[in-house]
Structures are given as C-alpha cells and as structure tokens.
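S.K.: If you scroll down you'll find the structure; I have some questions about it.
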Amino acid sequence: MTAPKKRLAAVVCLFLVAAPACRAQSDEALVCYQSKLAAVRAGTARLLRCATMSSKDTSGARTSRCFEQAGRRIGALLKAADAAAAALGFVCPGSAEGLGLEGASTWPLDIFSEYVAGDFTVAQRCARRRTHAVVTYASAYLRCRANNGQDDSSDAASCAEGERHSFERVWVESVAAGCRGDVEGVGVADRIESEVEAAAARLRVRCGNGRREGFETCDDGGVVDGDGCSATCRSETCVRAGEEVYCMACPADSEPDATLQQCRCPAGFSGEPGYCVDIDECQSGEASCPAERPCVNVPGSYSCAIACSEQALEEAIASCGAPTGHVTFDCRDTVIPIAQASGTHPRRVDCDGLVIDGLDRNVSFEMDPLCWQIPLDQTQCAVALEEDGTCACPDIDDGTTFMLLAGAGDVVRNISVRGFFDGIRAEGIGDRVESVHFGRICDDAFGSVGTGVGNVFRDLDVRDGCDKCSQSSGDAAATDPDPRLDGHYNAIFSNIDFVGCRTPLRMAQSGRFRIEDVRMVPGADGSYSCDGPRFSGVALGSLVVELRRSTISQCRRGVRFGRYATGVLEGNSIHDCGLRGVWAGGNAIVSLSSNDIRANGGEGSAEAGFGGVAALGGAMMDLGGGSLDIDGSVMVSSGSNSICDNHGADGARRDVDNASSAVVAAQGNWWCTKDSPSLRVTGPVDVMPYLERAP
C-alpha cells in the first residue's frame with residue numbers, strides 16, 4: 001500500500017473493522033502503541049541503572065549525565081514511534097505521561113520511584129520483574145481489545161482474564177519476594193486496562209461526523225478537500241492569493257510549496273516530506289557566531305546564544321535577533337531578573353519573524369521586585385494591604401509588561417514568565433506564544449489586543465491569578481472574511497491549562513476569537529478560585545467567540561456571555577460549577593451543540609440564572625432545533641447536548657432556566673433519563689423530541 005493510500009485508510013476506517021485496508025492500518029497503529037510500551041520497559045531499566053550509580057558517585061556528575069542521557073533515549077524512542085505514525089498520516093496513541101514515565105500516580109513510575117533510595121540489587125530485580133509484567137499484560141489486553149472490536153470492552157476483558165490472573169500472581173509474588181509496595185495486583189491491572197482503553201479510543205476514527213477523534217487533526221463534518229479540513233480529516237494549510245484561498249494538507253513535518261502543488265521540507269530541513277530532518281548548521285559549518293556567543297542549533301536554523309541578562313535580551317530584541325532572527329540563551333535552569341520599569345511596554349518587539357526560544361533549558365523571567373511585593377496604596381489593591389504595604393492581589397491595569405509583540409510572525413516559546421503585572425501581549429499579525437508557563441501574573445498573563453490579527457496562543461500553562469489570567473480584544477472588521485484562515489480570527493487559543501485563575505479568559509469590547517482544547521479549573525489548594533470565562537461586547541455582533549472541546553470544571557459562575565456577545569459552544573464539558581453551567585444575559589446570542597453540561601448549580605446567590613443553562617433578558621439561546629444569526633450566518637444547532645443533574649439554588653433539578661423574552665429551542669438532547677425533561681426546565685423551553693440514550 002502506498003503512503004497516501006495508507007493515510008487515507010487511517011482516517012476513513014473504523015477501528016479494526018473487517019476491510020483488509022482497515023485491518024492493515026489498525027495493525028500499524030497497534031505496532032506503534034506496542035513500541036511505546038517497549039519504551040516504558042527500556043526506559044525503566046535505564047533509569048534504574050542511573051540510580052544505582054548514585055551511591056558511588058560522590059560528585060553526582062556521572063549520575064546526572066546518566067539520567068540526562070536516559071531521558072534523551074526515552075524521548076527518542078517515543079518520538080520515533082510518533083514519527084513513524086506521522087509518516088503514515090496518524091497520531092500514535094499514548095504519551096510519555098500516559099505510559100507512566102512522568103507523574104507520581106502513573107503505573108510503571110511507582111515501580112521505579114519506590115526504589116530510588118533503596119537497595120538497588122532488589123530494586124533492579126523488582127523493577128525489571130514488575131515492568132515486564134506490566135508491559136506484557138498491557139500488550140495482551142491490547143491484543144484482546146483489538147480482536148474484539150471497539151464497541152464491547154467486556155469481550156476484551158473476558159479474553160484477557162487468563163492474562164489478568166497471571167499478572168496479578170506475578171505482582172503478588174514480587175511483593176513476597178521483597179519488592180516494597182503492597183498495591184494489590186488487581187488495582188494495577190485496572191489501571192493498565194484503563195490506559196489501554198484510552199489508547200484504543202484514540203485509534204477510533206469517524207471522519208466527517210463533525211467531532212475530532214482518533215487520528216484526526218480536524219473534522220468539520222464534511223469529507224471534501226479545500227475547506228481547511230481535508231477529505232481525510234487532516235488540517236490543511238490555507239493561504240490567500242488575490243481573491244482566492246487555496247488549501248493543501250501535508251505530513252506533519254512538511255509544508256506546501258509556493259505554488260500549493262506539492263509538499264516540501266521547510267527551509268533548514270533535508271529529506272522528503274514525512275521524513276524531514278533538521279540540518280545542524282552548527283555541526284555542518286554553515287553557522288557563524290562570535291566566540292562569546294555559542295552556536296545553538298534550532299529547528300530550521302541556528303542561533304548565536306545570548307548571555308542570560310536583561311541587557312542582553314533587550315539588545316537582542318533591538319537587533320531583531322541578529323544574525324539569524326533567533327534568540328536563545330547561554331544558560332540552563334536559570335531565573336533572569338527583569339527590573340520593574342516605569343513604562344508599560346519596555347520590551348516592545350517591532351521586528352518581523354523574530355523567534356525567542358528557551359528551547360528545553362528551563363529559562364525563566366521574573367520581574368524584580370515581584371508584582372505582589374511592591375508597596376501600593378489601598379486604591380491599587382483588590383484586597384486588604386499587608387502590614388508592609390504590599391498587596392497579594394494588585395488592581396493595576398497599566399503595570400510593567402514582560403513583552404509586547406507588535407510585528408508580524410514573531411514567536412515566543414519554551415520559557416517561564418512570573419511576577420509581572422502583564423505577561424506577553426500581541427498586537428501584531430500572525431504572532432505566536434507557545435509552550436510558555438505563566439506563574440502568578442498580577443493582571444493578564446497573555447492576550448491579543450488592539451490591531452492584533454491571526455495571533456496564536458497554544459500549549460500554555462497558566463497558574464494562580466487573582467483577577468483575569470488572559471484578556472483580549474480586537475477588531476473583527478480587520479480580519480479575513482474566510483474562516484479557513486487563521487487571519488479570520490483576531491486570536492486563536494489552543495491547548496491551554498488555566499489552573500487557579502479567577503477569570504481564566506476575558507474577551508471584552510469586540511473581536512473574533514477561537515478557543516479550543518482549553519481547561520479551566522480552580523487551584524488545587526483552594527487559594528486561587530475559578531469563576532469561569534466571561535465574554536461581552538460593546539455593539540451588536542461586535543464580539544464573536546467559538547469555544548470547542550474545552551473543560552470548565554468547578555468554576556463558580558460557569559461560562560458567561562453578556563451584552564452584545566455571540567457565541568458557539570461545541571463539544572465542551574462544563575460540570576460542577578457552583579451557580580450554573582452556561583449563562584447568557586442582555587442581548588447575547590449563543591448556540592450550543594454536543595456539550596456535556598452536568599452537575600452544575602445548587603449554590604445560592606443574588607445573581608439570577610441557575611442550573612445547567614440559563615438565559616435572561618433579551619438573550620437568545622439554541623440548544624437544538626432552532627436557528628440563530630451568528631457572525632453574519634444562520635447557525636442551526638444539531639442538539640446532542642447531555643444536560644444532566646443540574647440544580648437551582650433551592651436544590652431542585654433545573655437543567656434549563658429560561659427567564660428571557662424568547663423561547664429556548666432544546667430539541668434532540670439527552671437529559672440522563674428516558675422521562676420527559678419538562679419538569680426540570682423553567683420558562684418556555686421546547687424540549688421535544690428528546691434523546692432516549694446518550695449521544
């Protein structure tokens with residue numbers, strides 16, 4: 001089978017159906033997953049060998065190098081599996097974390113971590129035995145899962161029963177043989193099955209059903225090329241040429257050529273699309289760096305690393321990252337202090353195409369002093385001042401910003417930013433902020449503002465915010481009219497964790513924004529709560545928000561749309577929020593489909609609107625069967641929401657609370673019962689017909 005045909009098979013086949021092409025593709029996916037299980041086994045052995053050194057390595061240098069090399073080797077094994085899958089057009093399921101190489105509660109790590117400071121003779125024997133047992137059982141259960149199809153895991157469990165008993169026996173014997181830890185084998189087996197089930201779910205593909213699953217990188221509900229999502233549910237690169245927009249899908253490591261006729265490796269890479277290899281200019285002799293600035297290879301280019309200081313950073317920005325437009329740092333595990341400045345934007349980037357990359361060197365930037373350590377007066381403090389005049393939650397909208405991106409195509413990635421009043425703002429075109437950790441920013445960690453168009457914020461981790469963690473505004477009239485282009489949006493937010501942000505996302509005034517795969521939860525220790533995201537505009541239709549495949553959990557006020565805001569909510573999980581799940585007030589217009597809105601409400605407040613979904617005033621909502629004018633188009637919700645176990649302030653079931661002047665259409669939804677949901681709604685809500693099983 002040729003590579004294009006393999007890619008086609010990957011995205012149109014159901015997992016392990018009878019067709020030979022589908023079977024072949026599924027077998028490739030299983031081999032990919034098996035290779036990641038093998039990485040677990042090899043990785044655990046390598047880590048244990050490193051730990052064994054520590055008792056004899058007085059300086060710790062050899063042990064440190066060993067762990068570093070082992071980490072690189074494990075990463076290489078996992079990346080190799082991913083690369084082989086990408087060449088065939090799908091994603092290899094199972095991340096390093098999912099396979100237990102990271103995180104204190106994942107299965108093989110328990111085997112390793114219990115013995116890091118123990119008897120290494122016993123440790124190695126136990127770890128090898130247990131790791132072998134874990135991987136063997138995971139492989140056996142995976143085979144059973146494959147042979148019994150996707151729809152009935154009970155058959156898979158029955159198939160694996162013999163292997164399960166064998167695994168439990170080995171586990172118990174390992175405890176008896178001196179392995180510490182008395183976790184029942186049955187509990188570990190359950191966790192292994194859960195991991196395999198999750199991987200199997202990622203092997204399932206239903207291209208064209210409007211929901212991204214399995215190997216898909218997109219799913220727009222259609223199976224045609226040229227609309228931004230290909231007929232095989234792969235994201236297409238779309239560009240404008242005059243009045244026309246052209247779209248093309250390429251393997252993950254390649255890009256369309258200038259004519260959009262074929263794929264090619266990007267500049268700085270060699271090989272064929274699907275197998276592009278970065279050229280190391282530092283080794284090849286193509287690089288030219290002064291002696292005091294070491295050469296660092298970066299994807300597609302090289303950088304002459306700068307000193308780790310505020311002055312060096314500002315000089316690099318002023319020179320637009322000369323000589324190559326890439327700024328990297330000549331240090332590791334370093335915090336670089338940045339002095340509080342009198343101006344709001346002391347580091348304004350007016351360059352085009354500047355890349356500031358911390359690589360994986362753990363480079364952090366902190367304002368000095370930290371924003372909550374600066375003496376303020378009470379008018380600048382949202383809470384009571386401390387005895388020394390400082391404020392835990394400053395209320396300042398124009399404090400020092402770490403960086404403002406004002407050019408086109410600028411990138412900031414792989415760094416940490418902490419203690420500024422504002423983190424990174426973008427007002428340019430096509431700027432990107434990615435793989436950045438924001439820790440306790442006193443106002444906005446990031447956002448797109450002013451003239452910003454097509455700015456992308458992705459793969460971010462945002463922690464601890466008393467107020468807004470991200471605020472954005474823009475001008476939808478300045479964006480491209482074609483939704484296939486990133487420039488159709490003022491900003492795109494993707495794969496972001498908001499933990500302990502009172503208002504994780506705030507879109508105000510105007511603009512068009514896309515939010516996808518975002519998680520919003522309160523802080524683990526309760527010191528930083530979550531109220532939920534909030535959206536409101538200044539004129540009818542001025543603010544448009546698309547929120548998809550995101551999780552809003554335990555955020556007191558849920559998702560709120562205020563005056564002049566329009567929104568599309570699709571495929572989200574909104575649960576355990578104190579007052580309600582989704583709220584629309586004023587003249588907001590909101591369409592909801594395929595959301596799970598569950599266990600919200602039950603808490604009292606002077607605010608109106610409780611339960612699962614609440615509409616007030618002149619707001620209009622469509623949960624299925626209606627039609628709304630959103631962003632210049634008529635949108636019809638397909639329903640398929642799960643609206644279950646939500647409550648009003650009095651504790652009574654209230655799944656929809658309509659206090660608006662319009663009827664809320666809510667047809668074709670699942671209410672977690674086969675009985676009519678009419679007794680669990682208030683106001684005019686059209687619930688018929690309703691689903692009799694979960695979508």
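Identifiers in this document derive from the order of the structure tokens: chains are assigned A, B, ..., residues are numbered from 1 separately in each chain, and ligands are numbered from 1 in order of occurrence.
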Near A:Asp388, counting only C-alpha atoms, which residues have an atom at most 9 Å away, once you skip same-chain residues fewer than 3 positions from it, shown as a compact mmCIF listing (two decimals) with N, CA and C atoms, in the first residue's frame?
M.R.:
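Dumped everything to part.txt:
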# COMPACT_ATOMS: atom_id res chain seq x y z
N PRO A 375 5.12 47.91 47.28
CA PRO A 375 4.19 48.68 48.12
C PRO A 375 3.22 49.51 47.27
N LEU A 385 -4.40 45.59 52.31
CA LEU A 385 -2.95 45.67 52.23
C LEU A 385 -2.31 44.86 53.35
N CYS A 391 0.57 44.13 48.40
CA CYS A 391 -0.79 43.66 48.12
C CYS A 391 -0.73 42.31 47.43
S.K.: Give me the residues near stretch 280-297 of chain A as a list of chain:residue names, where near means some atom within 9 Å (using only C-alpha atoms) and where sequence neighbours in that chain fewer than 2 positions away do not count.
M.R.: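 Those residues are A:Gly268, A:Phe269, A:Asp278, A:Pro299, A:Gly300, A:Ser301, A:Tyr302, A:Ser303, A:Cys304, A:Ala305, A:Ile306, A:Ala307, A:Pro323, A:Thr328, A:Phe329, A:Asp330.
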S.K.: Considering only C-alpha atoms, return as JSON, numbers by chain whatever protein or nucleic-acid residues lie within 7 Å of A:Arg512, sequence-local ones (same chain, fewer than 3 positions apart) excluded.
M.R.: {"A": [476, 489, 490, 543, 544, 545]}
S.K.: May I ask for the distance between atom CA of A:Cys331 and atom CA of A:Phe365, given in Å to one decimal place?
M.R.: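 Taking atom CA of A:Cys331 and atom CA of A:Phe365, their separation equals 12.7 Å.
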S.K.: May I ask for the distance between atom CA of A:Val436 and atom CA of A:Cys308, given in Å to one decimal place?
M.R.: 17.5 Å
